[in-house]
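Structure first, then comments.
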Amino acid sequence: MTDQHQVSELSSQERGRYARHLTLPELGLAGQRRLKAASVLCIGAGGLGSPLLLYLAAAGIGRLGIVDDDRVDLSNLQRQVIHGQASVGEAKTSSARKRILDLNEHCVVEEHLCRLTADNALQLIEGYDLVVDGSDNFPTRYLISDACVLLGRPFIYGSVQRFEGQVTVFNQGPHSPDYRDLVPQPPPRDLVPSCADGGVMGVMPGLIGLLQATEVIKVITGLGDTLDGRLLLVDSLSMRFRELRLERRPNRPPIEKLVNYEQFCNSGVPVEDEESQGMNSISVRELKALLDERTDLVLLDVRQQAEADVAVIQGSQLIPLASIESGDAIERIRSLANDRTVYVHCKLGGRSAKAVDLLTRFGIQAVNVTGGIDAWSQEVDASVPRY
C-alpha cells in the first residue's frame with residue numbers, strides 16, 4: 001500500500017462527503033487517507049463488478065482500474081446494476097466509468113478495454129495495490145491468482161452461481177492461500193455450468209460483490225479480520241452463511257510463470273472449432289438458409305425448459321441434454337429423425353456439441369449449430385431475446 005505520509009490531504013468537500021467514515025473511530029481520517037491513496041484493479045464490470053465498483057468509488061478509493069472487453073447487453077441489466085438501458089451497446093468500461101464519476105468525481109477511473117490474458121496480466125496488475133475478481137470463468141481466476149502471487153498483490157475473490165456464492169481473500173501475505181489451494185485442478189469443462197447456462201438470481205452478484213468490497217476496504221485500512229484463510233459460503237435460499245478453513249497445500253509447486261490458462265482448464269478449443277475436431281457443424285446463417293428451403297428439417301434444442309421459456313428458435317424440438325446422456329430420449333430422437341439428419345443447438349454450442357457426439361455414437365446422423373441460439377439472436381433474428 002502507498003505510505004499514508006505520501007497521501008494528499010482530504011479537501012473540505014471530501015471531508016464532508018466522507019463524514020460518516022471520519023466519525024468512525026476505527027476508520028477515521030487516517031483510514032480515509034489510505035482509501036484515497038489506494039488503487040484497485042477490478043477484473044470485469046459485470047454482475048460482481050457492478051456493486052464492487054460502485055461501493056469502492058463511494059467509499060473513496062482514489063484510483064479504480066476496470067478490465068473488460070465486453071459491451072452492455074439488455075440481458076445484463078437483470079444484475080449488472082452499474083449499467084442502464086441508455087448504455088446498451090456501449091463498452092462496459094465506458095458505461096461504468098461514467099456512472100462512477102457521476103457518483104464520485106474525486107475517483108480516478110482507468111479503462112482497460114481488453115480481456116485479461118497471460119500477455120498483459122502482469123503489466124496491468126503491477127500498476128495497482130490489489131486486485132478484485134469480477135470474472136466468471138476458471139481460466140481467468142487462475143490467471144489472476146498466479147499473477148498476484150508473482151507480483152505480491154492481494155486478490156479478493158468472489159463467485160456466484162444460481163442462488164449461491166463464495167468470497168475469500170487470497171495472497172494477503174506470504175503464507176496466505178491462493179486460488180490453487182481452493183481449486184487445485186480445474187473441473188471438467190462441462191461439469192460446472194456458467195451463469196449464462198445455469199442462470200443466477202440477480203441479487204446474488206450484488207450480495208457477493210458487497211462482501212468483496214467490504215474485504216477490499218478492510219485490507220486497505222487494516223480494519224478487522226479479513227477472510228484470509230477463510231472461505232465464506234452463502235446460500236441465499238436458506239439465507240445461511242457458512243465458513244470453511246482454507247490453508248496452503250503443503251509441498252505445493254511454486255508459481256514461477258504464467259501459462260496458457262485456456263489450455264490448462266481444458267477449454268483451449270472453442271466450441272466454434274468443432275470442424276477442426278472432425279465434428280459436423282454449420283453456422284446459424286447456414287441453418288437459416290436450410291429452414292427457409294425445407295419444411296421437414298429436424299432441429300433439436302438440448303437446453304433446459306427454463307431457457308426455452310426465455311427464447312426459442314421456431315420449429316425446434318426441446319429435448320434437454322440430460323435425457324440424451326441418460327439414454328432416455330434416444331429412441332424418441334431416432335423416431336423424429338426418421339433417417340434424416342438432426343441439427344442440434346443449445347445456447348452457445350458446447351452442450352449441443354456433446355449431444356452430437358452422443359447421437360453419433362447411437363448411429364444418428366447429427367450436425368452441431370455453432371454459436372447456438374445466442375448467435376441466432378445476433379446474426380439472424382434480433383427479436384429472439386439474449387440471456
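So you can find residues: chains in the C-alpha cells are A, B, ... in the order shown, residues in each start at 1, and ligands are numbered from 1 in order.
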Who sits within 8 Å of Asp228 (chain A), only C-alpha atoms, same chain under 6 positions skipped, as a PyMOL selection string: chain A and resi 168-172+176-177
Region 306-312 of chain A environment, 10 Å, only C-alpha atoms, sequence neighbours closer than 3 positions dropped, as a PyMOL selection string: chain A and resi 196-199+301-303+315-318+346-347+373-374+376-377+383-387
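Pairwise distance (CA of Ala329 (chain A), CA of Glu293 (chain A)) equals 27.6 Å.
Between CA of Leu151 (chain A) and CA of Arg63 (chain A) the interatomic distance comes to 18.8 Å.
Closest approach to Glu26 (chain A) among A:Arg334, A:Leu223, A:Ala57, A:Gly134: A:Leu223, based on only C-alpha atoms.
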Residues within 10 Å of Val203 (chain A), only C-alpha atoms, excluding chain neighbours under 6 positions, as a PyMOL selection string: chain A and resi 47+78-81+163+209+236
Per-residue DSSP, region 103-318 of chain A, filtered to strand (DSSP E), as a PyMOL selection string: chain A and resi 108-112+130-133+155-161+164-170+230-235+240-245+281-282+298-301+317-318
Nearby residues (only C-alpha atoms) at most 10 Å from Leu143 (chain A), same-chain spacing under 6 positions excluded, as a ChimeraX atom specification: /A:116-118,121-122,149,179,258-262
Length of the CA of Gln212 (chain A) to CA of Tyr128 (chain A) vector [Å]: 16.7 Å
DSSP-assigned alpha helix (DSSP H) among region 135-205 of chain A, expressed as a PyMOL selection string: chain A and resi 138-151+179-182+195-198+203-205
Close residues, region 155-159 of chain A itself excluded, 10 Å, only C-alpha atoms, min 4 positions apart in chain, as an MDAnalysis selection string: chainID A and resid 41:42 47:48 129:137 141 144:149 164:172 178:179 204:205 208:209 211:216 219 227:228 231:233
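With only C-alpha atoms as the atoms that count, the minimum distance from Ser326 (chain A) to the choices A:Arg153, A:Leu358, A:Gly363, A:Gln314 is reached by A:Leu358.
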